[in-house]
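Input: a single structure, listed below in structure tokens.
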Amino acid sequence: MESQWVRLYAQDGFAFDAWVARPSGPLRGAVVVAQEIFGVNNHIRAVTERMATRGFLAIAPDLFARIEPGLDRGYTEADVAFCREFKNQAEAMPEAVMQQVRAAAQWLLTQQPCKVGMLGFCWGGLLTWRAAAQLPELSAAVCYYGGGMTSAQEMARQPLCPVQAHFGRRDPILPLDGVLAFARRHPEVQVHLYDADHGFNCDQRASYDDSSAVQAKDRTLQFFDQHLAL
């Protein structure tokens, strides 16, 4: 496996960086990894590299590049407060952000014959849900505790590709009643619940839950194998 930064260009000509990890063995597919509000930080780069070790060509675009390029923060309360404003600014330009997601997916398609999936966490989980409803380049999408996914506006979206979603039952950002309403509204989505909090997949958070993370990872890989195989 090898990893490096590459330069991409959105449809409007905006240039931005993305972290790419290439598998050393046979290709199982390709995956766009969508960041949390903390940038393409150590955790997101590690997720991207883990996907590559499992045979997926993976890319994590810097989705805050128009606001705060190269953002790389941790998970303290100060980090959350600092980064939340960048998310608010990014949410004010959803079409521009989606152009960057699309550029990453299209870049993957130019590298090798493959199908492309998307994997996102927190804010990136929400972006993954939106992308599943907007981008024909995607063949599968996996959302982890996507903040905002259970709002009425987001639940009204209809995905164009198969979607899997992971939520924690104890997540204060995504209350369980909203998650259950989402599952009822979208029976076509594979919704999995865990006895865990928000951010349970991130081993750099206090809310990390190993058993839930491992189970979600296995389900994610099985889902991608099912829908991204050539």
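We label chains A, B, ... in the order they appear in the structure tokens, count residues from 1 in each chain, and number ligands from 1 in the order shown.
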- Leaving out Ala133 of chain A and any residue of its chain fewer than 5 positions from it, which residues lie within 12 Å of it when counting only C-alpha atoms, given as a PyMOL selection string? chain A and resi 98+118+126-128+138-141+154-163
Mind writing the picked residues with N, CA and C atoms as a PDB file, in the first residue's frame?
```pdb
ATOM      1  N   MET A  98     -20.212  19.445  -3.220  1.00  0.00           N
ATOM      2  CA  MET A  98     -20.552  18.246  -3.974  1.00  0.00           C
ATOM      3  C   MET A  98     -19.747  18.168  -5.268  1.00  0.00           C
ATOM      4  N   MET A 118     -18.731   5.193  -1.670  1.00  0.00           N
ATOM      5  CA  MET A 118     -18.397   6.336  -0.818  1.00  0.00           C
ATOM      6  C   MET A 118     -18.633   5.953   0.627  1.00  0.00           C
ATOM      7  N   LEU A 126     -23.295  12.589   6.302  1.00  0.00           N
ATOM      8  CA  LEU A 126     -24.376  13.362   5.676  1.00  0.00           C
ATOM      9  C   LEU A 126     -24.064  13.619   4.205  1.00  0.00           C
ATOM     10  N   LEU A 127     -22.821  14.002   3.911  1.00  0.00           N
ATOM     11  CA  LEU A 127     -22.438  14.232   2.514  1.00  0.00           C
ATOM     12  C   LEU A 127     -22.570  12.959   1.681  1.00  0.00           C
ATOM     13  N   THR A 128     -22.257  11.828   2.290  1.00  0.00           N
ATOM     14  CA  THR A 128     -22.377  10.552   1.587  1.00  0.00           C
ATOM     15  C   THR A 128     -23.827  10.264   1.236  1.00  0.00           C
ATOM     16  N   LEU A 138     -21.578   6.890  -8.284  1.00  0.00           N
ATOM     17  CA  LEU A 138     -21.510   5.993  -7.126  1.00  0.00           C
ATOM     18  C   LEU A 138     -22.324   4.723  -7.334  1.00  0.00           C
ATOM     19  N   SER A 139     -21.732   3.599  -6.940  1.00  0.00           N
ATOM     20  CA  SER A 139     -22.422   2.305  -7.001  1.00  0.00           C
ATOM     21  C   SER A 139     -22.825   1.802  -5.625  1.00  0.00           C
ATOM     22  N   ALA A 140     -22.352   2.457  -4.561  1.00  0.00           N
ATOM     23  CA  ALA A 140     -22.707   2.083  -3.195  1.00  0.00           C
ATOM     24  C   ALA A 140     -22.277   3.211  -2.271  1.00  0.00           C
ATOM     25  N   ALA A 141     -22.951   3.339  -1.129  1.00  0.00           N
ATOM     26  CA  ALA A 141     -22.621   4.390  -0.164  1.00  0.00           C
ATOM     27  C   ALA A 141     -22.831   3.867   1.247  1.00  0.00           C
ATOM     28  N   GLU A 154     -33.500  16.026   4.677  1.00  0.00           N
ATOM     29  CA  GLU A 154     -32.589  14.978   4.223  1.00  0.00           C
ATOM     30  C   GLU A 154     -33.319  13.656   4.004  1.00  0.00           C
ATOM     31  N   MET A 155     -34.293  13.346   4.846  1.00  0.00           N
ATOM     32  CA  MET A 155     -35.036  12.099   4.662  1.00  0.00           C
ATOM     33  C   MET A 155     -35.827  12.092   3.368  1.00  0.00           C
ATOM     34  N   ALA A 156     -36.105  13.273   2.821  1.00  0.00           N
ATOM     35  CA  ALA A 156     -36.872  13.358   1.571  1.00  0.00           C
ATOM     36  C   ALA A 156     -36.056  12.931   0.354  1.00  0.00           C
ATOM     37  N   ARG A 157     -34.747  12.814   0.508  1.00  0.00           N
ATOM     38  CA  ARG A 157     -33.904  12.407  -0.622  1.00  0.00           C
ATOM     39  C   ARG A 157     -34.135  10.929  -0.946  1.00  0.00           C
ATOM     40  N   GLN A 158     -33.908  10.593  -2.207  1.00  0.00           N
ATOM     41  CA  GLN A 158     -34.039   9.204  -2.643  1.00  0.00           C
ATOM     42  C   GLN A 158     -32.718   8.755  -3.244  1.00  0.00           C
ATOM     43  N   PRO A 159     -32.056   7.773  -2.661  1.00  0.00           N
ATOM     44  CA  PRO A 159     -30.746   7.353  -3.171  1.00  0.00           C
ATOM     45  C   PRO A 159     -30.831   6.693  -4.535  1.00  0.00           C
ATOM     46  N   LEU A 160     -29.788   6.914  -5.329  1.00  0.00           N
ATOM     47  CA  LEU A 160     -29.667   6.309  -6.651  1.00  0.00           C
ATOM     48  C   LEU A 160     -28.897   4.997  -6.617  1.00  0.00           C
ATOM     49  N   CYS A 161     -28.262   4.714  -5.486  1.00  0.00           N
ATOM     50  CA  CYS A 161     -27.468   3.494  -5.339  1.00  0.00           C
ATOM     51  C   CYS A 161     -27.759   2.858  -3.991  1.00  0.00           C
ATOM     52  N   PRO A 162     -27.348   1.603  -3.778  1.00  0.00           N
ATOM     53  CA  PRO A 162     -27.553   0.970  -2.475  1.00  0.00           C
ATOM     54  C   PRO A 162     -26.828   1.728  -1.363  1.00  0.00           C
ATOM     55  N   VAL A 163     -27.488   1.838  -0.211  1.00  0.00           N
ATOM     56  CA  VAL A 163     -26.939   2.579   0.926  1.00  0.00           C
ATOM     57  C   VAL A 163     -26.993   1.725   2.185  1.00  0.00           C
TER      58      VAL A 163
END
```
- Task: Considering only C-alpha atoms, return as an MDAnalysis selection string whatever protein or nucleic-acid residues lie within 9 Å of Ala206 of chain A, sequence-local ones (same chain, fewer than 6 positions apart) excluded.
- Result: chainID A and resid 75 199:200
File dump, residues just selected, C-alpha atoms, as an mmCIF file, in the first residue's frame:
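Wrote again_22.cif, looks like this:
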```cif
data_model
loop_
_atom_site.group_PDB
_atom_site.id
_atom_site.type_symbol
_atom_site.label_atom_id
_atom_site.label_comp_id
_atom_site.auth_asym_id
_atom_site.auth_seq_id
_atom_site.Cartn_x
_atom_site.Cartn_y
_atom_site.Cartn_z
ATOM 1 C CA TYR A 75 -11.226 15.708 18.994
ATOM 2 C CA GLY A 199 -18.165 8.705 16.760
ATOM 3 C CA PHE A 200 -17.950 5.086 17.906
#
```
- Query: Got a sec: who's within 12 Å of Val97 of chain A, counting only C-alpha atoms, leaving out chain neighbours fewer than 5 positions off, as a ChimeraX atom specification?
  - Reply: /A:9-12,14,16,34-35,61-67,87,89-92,102-104,123-124,127-128,130-131
- Shell of 10 Å around Gly125 of chain A, only C-alpha atoms, local chain residues under 4 positions omitted, as a PyMOL selection string: chain A and resi 33-36+118-121+129-131+141-149+165-166
Take the residues from that selection and put them in a file with C-alpha atoms, as a PDB file, in the first residue's frame.
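Ended up saving to result09.pdb:
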```pdb
ATOM      1  CA  VAL A  33     -13.758   8.728   2.031  1.00  0.00           C
ATOM      2  CA  ALA A  34     -15.628  11.783   3.350  1.00  0.00           C
ATOM      3  CA  GLN A  35     -14.170  13.583   6.352  1.00  0.00           C
ATOM      4  CA  GLU A  36     -15.684  14.687   9.633  1.00  0.00           C
ATOM      5  CA  MET A 118     -18.397   6.336  -0.818  1.00  0.00           C
ATOM      6  CA  LEU A 119     -17.764   6.101   2.915  1.00  0.00           C
ATOM      7  CA  GLY A 120     -18.402   9.037   5.246  1.00  0.00           C
ATOM      8  CA  PHE A 121     -18.318   9.847   8.946  1.00  0.00           C
ATOM      9  CA  TRP A 129     -26.155  10.375   1.898  1.00  0.00           C
ATOM     10  CA  ARG A 130     -26.520  13.449  -0.292  1.00  0.00           C
ATOM     11  CA  ALA A 131     -24.045  12.097  -2.830  1.00  0.00           C
ATOM     12  CA  ALA A 141     -22.621   4.390  -0.164  1.00  0.00           C
ATOM     13  CA  VAL A 142     -21.980   3.799   3.537  1.00  0.00           C
ATOM     14  CA  CYS A 143     -22.856   6.477   6.112  1.00  0.00           C
ATOM     15  CA  TYR A 144     -21.572   6.468   9.689  1.00  0.00           C
ATOM     16  CA  TYR A 145     -23.614   8.575  12.140  1.00  0.00           C
ATOM     17  CA  GLY A 146     -24.352  11.219   9.518  1.00  0.00           C
ATOM     18  CA  GLY A 147     -25.300  14.379  11.365  1.00  0.00           C
ATOM     19  CA  GLY A 148     -28.499  15.811   9.871  1.00  0.00           C
ATOM     20  CA  MET A 149     -29.491  12.686   7.962  1.00  0.00           C
ATOM     21  CA  ALA A 165     -26.070   3.372   7.442  1.00  0.00           C
ATOM     22  CA  HIS A 166     -24.585   2.921  10.929  1.00  0.00           C
TER      23      HIS A 166
END
```
- Check the DSSP output for the backbone and give back, as a VMD selection string, the residues of segment 28-230 of chain A in strand (DSSP E). chain A and resid 29 to 34 56 to 61 116 to 121 138 to 144 163 to 168 190 to 194
Selected residues written out with C-alpha atoms, as a PDB file, in the first residue's frame:
```pdb
ATOM      1  CA  GLY A  29     -13.100  -1.462  -6.011  1.00  0.00           C
ATOM      2  CA  ALA A  30     -12.645   2.239  -5.270  1.00  0.00           C
ATOM      3  CA  VAL A  31     -13.928   4.391  -2.414  1.00  0.00           C
ATOM      4  CA  VAL A  32     -14.284   8.110  -1.707  1.00  0.00           C
ATOM      5  CA  VAL A  33     -13.758   8.728   2.031  1.00  0.00           C
ATOM      6  CA  ALA A  34     -15.628  11.783   3.350  1.00  0.00           C
ATOM      7  CA  PHE A  56      -9.735  -0.600  -2.398  1.00  0.00           C
ATOM      8  CA  LEU A  57      -8.264   2.393  -4.190  1.00  0.00           C
ATOM      9  CA  ALA A  58      -9.284   5.107  -1.718  1.00  0.00           C
ATOM     10  CA  ILE A  59      -9.310   8.898  -1.814  1.00  0.00           C
ATOM     11  CA  ALA A  60     -10.163  11.457   0.888  1.00  0.00           C
ATOM     12  CA  PRO A  61     -10.747  14.911  -0.658  1.00  0.00           C
ATOM     13  CA  VAL A 116     -16.879   3.538  -6.940  1.00  0.00           C
ATOM     14  CA  GLY A 117     -18.380   3.625  -3.470  1.00  0.00           C
ATOM     15  CA  MET A 118     -18.397   6.336  -0.818  1.00  0.00           C
ATOM     16  CA  LEU A 119     -17.764   6.101   2.915  1.00  0.00           C
ATOM     17  CA  GLY A 120     -18.402   9.037   5.246  1.00  0.00           C
ATOM     18  CA  PHE A 121     -18.318   9.847   8.946  1.00  0.00           C
ATOM     19  CA  LEU A 138     -21.510   5.993  -7.126  1.00  0.00           C
ATOM     20  CA  SER A 139     -22.422   2.305  -7.001  1.00  0.00           C
ATOM     21  CA  ALA A 140     -22.707   2.083  -3.195  1.00  0.00           C
ATOM     22  CA  ALA A 141     -22.621   4.390  -0.164  1.00  0.00           C
ATOM     23  CA  VAL A 142     -21.980   3.799   3.537  1.00  0.00           C
ATOM     24  CA  CYS A 143     -22.856   6.477   6.112  1.00  0.00           C
ATOM     25  CA  TYR A 144     -21.572   6.468   9.689  1.00  0.00           C
ATOM     26  CA  VAL A 163     -26.939   2.579   0.926  1.00  0.00           C
ATOM     27  CA  GLN A 164     -25.864   1.215   4.298  1.00  0.00           C
ATOM     28  CA  ALA A 165     -26.070   3.372   7.442  1.00  0.00           C
ATOM     29  CA  HIS A 166     -24.585   2.921  10.929  1.00  0.00           C
ATOM     30  CA  PHE A 167     -25.945   4.696  14.009  1.00  0.00           C
ATOM     31  CA  GLY A 168     -25.343   4.556  17.763  1.00  0.00           C
ATOM     32  CA  GLN A 190     -29.530  -1.162   5.393  1.00  0.00           C
ATOM     33  CA  VAL A 191     -29.746   0.546   8.796  1.00  0.00           C
ATOM     34  CA  HIS A 192     -27.613  -0.908  11.609  1.00  0.00           C
ATOM     35  CA  LEU A 193     -27.854   0.179  15.244  1.00  0.00           C
ATOM     36  CA  TYR A 194     -25.142  -0.230  17.879  1.00  0.00           C
TER      37      TYR A 194
END
```
- Would you mind listing what lies within 8 Å of Asp195 of chain A as an NGL selection string, with only C-alpha atoms counted and same-chain residues fewer than 4 positions away left out? :A and (168-170 or 212)
- Find the residues near Ser24 of chain A: any atom within 8 Å, counting only C-alpha atoms, skip ones fewer than 6 places away on the same chain, and give them as an NGL selection string. :A and (1-2 or 52-53 or 55)
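Here atom CA of Glu188 of chain A and atom CA of Leu176 of chain A stand 18.7 Å from one another.
Distance check against Pro69 of chain A using only C-alpha atoms: of A:Thr110, A:Thr48, A:Arg22, A:Ala15, the minimum falls on A:Ala15.
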